[in-house]
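Structure, as structure tokens:
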Amino acid sequence: MNEFIQSTVTNVLVTVACLLAVMLFVFLLKEWRQLGAWITARKAAAEAKSAESIQNALWSVAQEAYAKAEAALGELAGSDKMDLALNYAVKRLRALGIVVNVDEIRAKIQEAWVKLDKIPKQHASSVASKDIVLEVIKAENDKVVQR
């Protein structure tokens with residue numbers, strides 16, 4: 001009698017488990033398209049957020065590189081300043097684990113140069129104020145990277 005009850009309970013549990021599995025399969029089959037669209041949307045959102053973070057970090061590093069090159073104003077000029085800024089940006093981005101095309105980095109540095117060069121020169125005339133600008137840009141960069 002005990003074996004009969006045990007086998008009956010086992011059969012009922014197996015049947016319930018099979019019914020639940022079939023119901024889950026039917027549900028997934030019906031909702032597959034919506035589930036696929038949801039997964040695709042989540043993946044696209046994550047990729048967009050990652051790309052935005054990389055662009056923010058790239059922009060911050062470009063500004064930092066500009067400030068570093070401007071701090072070397074007395075020592076370097078023209079393409080030497082760009083080379084210094086580019087080398088600095090490449091090293092900084094690699095340290096952050098970001099690998100981007102050198103041409104893209106150069107373009108961001110040139111963009112930073114154009115935007116930040118509009119800052120009045122009177123504020124950046126002394127070496128001390130240039131160091132302050134560099135420190136402020138580094139602090140902003142660290143904030144962006146931490147996001």
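Following the order of the structure tokens, first chain is A, next is B, and so on, with residues numbered from 1 inside each chain and ligands from 1 in the order they appear.
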
- What lies within 10 Å of stretch 79-95 of chain A using only C-alpha atoms, ignoring chain neighbours under 5 positions off, as a PyMOL selection string? chain A and resi 54+57-73+100-103+105-110+113

Please produce an output containing N, CA and C atoms for each residue in the selection, written as a PDB file, in the first residue's frame.
```
ATOM      1  N   ILE A  54      32.155  56.027 -23.552  1.00  0.00           N
ATOM      2  CA  ILE A  54      33.439  56.090 -24.254  1.00  0.00           C
ATOM      3  C   ILE A  54      33.627  57.471 -24.868  1.00  0.00           C
ATOM      4  N   ALA A  57      34.432  59.945 -22.108  1.00  0.00           N
ATOM      5  CA  ALA A  57      35.821  59.772 -21.662  1.00  0.00           C
ATOM      6  C   ALA A  57      36.786  60.305 -22.705  1.00  0.00           C
ATOM      7  N   LEU A  58      36.503  60.044 -23.973  1.00  0.00           N
ATOM      8  CA  LEU A  58      37.360  60.537 -25.056  1.00  0.00           C
ATOM      9  C   LEU A  58      37.389  62.057 -25.054  1.00  0.00           C
ATOM     10  N   TRP A  59      36.241  62.690 -24.897  1.00  0.00           N
ATOM     11  CA  TRP A  59      36.185  64.152 -24.865  1.00  0.00           C
ATOM     12  C   TRP A  59      36.957  64.704 -23.662  1.00  0.00           C
ATOM     13  N   SER A  60      36.794  64.091 -22.502  1.00  0.00           N
ATOM     14  CA  SER A  60      37.507  64.550 -21.307  1.00  0.00           C
ATOM     15  C   SER A  60      39.013  64.403 -21.461  1.00  0.00           C
ATOM     16  N   VAL A  61      39.437  63.281 -22.010  1.00  0.00           N
ATOM     17  CA  VAL A  61      40.877  63.063 -22.208  1.00  0.00           C
ATOM     18  C   VAL A  61      41.418  64.043 -23.253  1.00  0.00           C
ATOM     19  N   ALA A  62      40.626  64.350 -24.268  1.00  0.00           N
ATOM     20  CA  ALA A  62      41.056  65.319 -25.286  1.00  0.00           C
ATOM     21  C   ALA A  62      41.257  66.693 -24.655  1.00  0.00           C
ATOM     22  N   GLN A  63      40.358  67.082 -23.769  1.00  0.00           N
ATOM     23  CA  GLN A  63      40.515  68.364 -23.077  1.00  0.00           C
ATOM     24  C   GLN A  63      41.751  68.359 -22.183  1.00  0.00           C
ATOM     25  N   GLU A  64      41.941  67.239 -21.517  1.00  0.00           N
ATOM     26  CA  GLU A  64      43.102  67.099 -20.647  1.00  0.00           C
ATOM     27  C   GLU A  64      44.396  67.173 -21.469  1.00  0.00           C
ATOM     28  N   ALA A  65      44.405  66.527 -22.616  1.00  0.00           N
ATOM     29  CA  ALA A  65      45.576  66.545 -23.496  1.00  0.00           C
ATOM     30  C   ALA A  65      45.845  67.955 -24.001  1.00  0.00           C
ATOM     31  N   TYR A  66      44.784  68.673 -24.336  1.00  0.00           N
ATOM     32  CA  TYR A  66      44.930  70.068 -24.768  1.00  0.00           C
ATOM     33  C   TYR A  66      45.578  70.894 -23.659  1.00  0.00           C
ATOM     34  N   ALA A  67      45.069  70.729 -22.433  1.00  0.00           N
ATOM     35  CA  ALA A  67      45.608  71.499 -21.309  1.00  0.00           C
ATOM     36  C   ALA A  67      47.072  71.157 -21.066  1.00  0.00           C
ATOM     37  N   LYS A  68      47.412  69.893 -21.204  1.00  0.00           N
ATOM     38  CA  LYS A  68      48.809  69.482 -21.011  1.00  0.00           C
ATOM     39  C   LYS A  68      49.693  70.108 -22.080  1.00  0.00           C
ATOM     40  N   ALA A  69      49.224  70.115 -23.325  1.00  0.00           N
ATOM     41  CA  ALA A  69      50.008  70.718 -24.408  1.00  0.00           C
ATOM     42  C   ALA A  69      50.127  72.222 -24.216  1.00  0.00           C
ATOM     43  N   GLU A  70      49.063  72.856 -23.762  1.00  0.00           N
ATOM     44  CA  GLU A  70      49.114  74.295 -23.520  1.00  0.00           C
ATOM     45  C   GLU A  70      50.041  74.633 -22.355  1.00  0.00           C
ATOM     46  N   ALA A  71      50.150  73.726 -21.395  1.00  0.00           N
ATOM     47  CA  ALA A  71      51.061  73.952 -20.267  1.00  0.00           C
ATOM     48  C   ALA A  71      52.508  73.940 -20.742  1.00  0.00           C
ATOM     49  N   ALA A  72      52.767  73.265 -21.861  1.00  0.00           N
ATOM     50  CA  ALA A  72      54.112  73.216 -22.429  1.00  0.00           C
ATOM     51  C   ALA A  72      54.294  74.316 -23.474  1.00  0.00           C
ATOM     52  N   LEU A  73      53.525  75.397 -23.349  1.00  0.00           N
ATOM     53  CA  LEU A  73      53.493  76.471 -24.332  1.00  0.00           C
ATOM     54  C   LEU A  73      54.874  77.025 -24.641  1.00  0.00           C
ATOM     55  N   VAL A 100      40.728  53.394 -29.238  1.00  0.00           N
ATOM     56  CA  VAL A 100      40.068  54.099 -30.332  1.00  0.00           C
ATOM     57  C   VAL A 100      41.097  54.449 -31.396  1.00  0.00           C
ATOM     58  N   ASN A 101      40.590  54.789 -32.553  1.00  0.00           N
ATOM     59  CA  ASN A 101      41.421  55.148 -33.686  1.00  0.00           C
ATOM     60  C   ASN A 101      42.167  56.453 -33.385  1.00  0.00           C
ATOM     61  N   VAL A 102      43.425  56.528 -33.781  1.00  0.00           N
ATOM     62  CA  VAL A 102      44.256  57.714 -33.533  1.00  0.00           C
ATOM     63  C   VAL A 102      43.658  58.932 -34.232  1.00  0.00           C
ATOM     64  N   ASP A 103      43.081  58.738 -35.408  1.00  0.00           N
ATOM     65  CA  ASP A 103      42.465  59.865 -36.122  1.00  0.00           C
ATOM     66  C   ASP A 103      41.273  60.423 -35.340  1.00  0.00           C
ATOM     67  N   ILE A 105      40.975  60.322 -32.071  1.00  0.00           N
ATOM     68  CA  ILE A 105      41.554  61.042 -30.933  1.00  0.00           C
ATOM     69  C   ILE A 105      42.050  62.412 -31.395  1.00  0.00           C
ATOM     70  N   ARG A 106      42.741  62.446 -32.525  1.00  0.00           N
ATOM     71  CA  ARG A 106      43.255  63.706 -33.057  1.00  0.00           C
ATOM     72  C   ARG A 106      42.102  64.686 -33.313  1.00  0.00           C
ATOM     73  N   ALA A 107      41.010  64.192 -33.878  1.00  0.00           N
ATOM     74  CA  ALA A 107      39.854  65.053 -34.155  1.00  0.00           C
ATOM     75  C   ALA A 107      39.270  65.618 -32.862  1.00  0.00           C
ATOM     76  N   LYS A 108      39.173  64.786 -31.827  1.00  0.00           N
ATOM     77  CA  LYS A 108      38.639  65.264 -30.541  1.00  0.00           C
ATOM     78  C   LYS A 108      39.568  66.299 -29.913  1.00  0.00           C
ATOM     79  N   ILE A 109      40.875  66.078 -30.035  1.00  0.00           N
ATOM     80  CA  ILE A 109      41.832  67.056 -29.490  1.00  0.00           C
ATOM     81  C   ILE A 109      41.712  68.372 -30.245  1.00  0.00           C
ATOM     82  N   GLN A 110      41.584  68.306 -31.569  1.00  0.00           N
ATOM     83  CA  GLN A 110      41.429  69.531 -32.348  1.00  0.00           C
ATOM     84  C   GLN A 110      40.131  70.245 -31.983  1.00  0.00           C
ATOM     85  N   TRP A 113      40.729  71.882 -28.777  1.00  0.00           N
ATOM     86  CA  TRP A 113      41.606  73.022 -29.006  1.00  0.00           C
ATOM     87  C   TRP A 113      40.779  74.225 -29.449  1.00  0.00           C
TER      88      TRP A 113
END
```

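Atom to atom, atom CA of A:Ile5 and atom CA of A:Ala17 stand 18.2 Å apart.
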
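You will find atom CA of A:Val16 at 21.2 Å from atom CA of A:Asn2.
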
- Note on the structure: Expressed in Å, the length from atom CA of A:Ala46 to atom CA of A:Ile98 is 16.6 Å

- From stretch 9-132 of chain A, collect each residue whose DSSP state is alpha helix (DSSP H) and return the set as a ChimeraX atom specification. /A:9-71,79-95,102-116,127-132
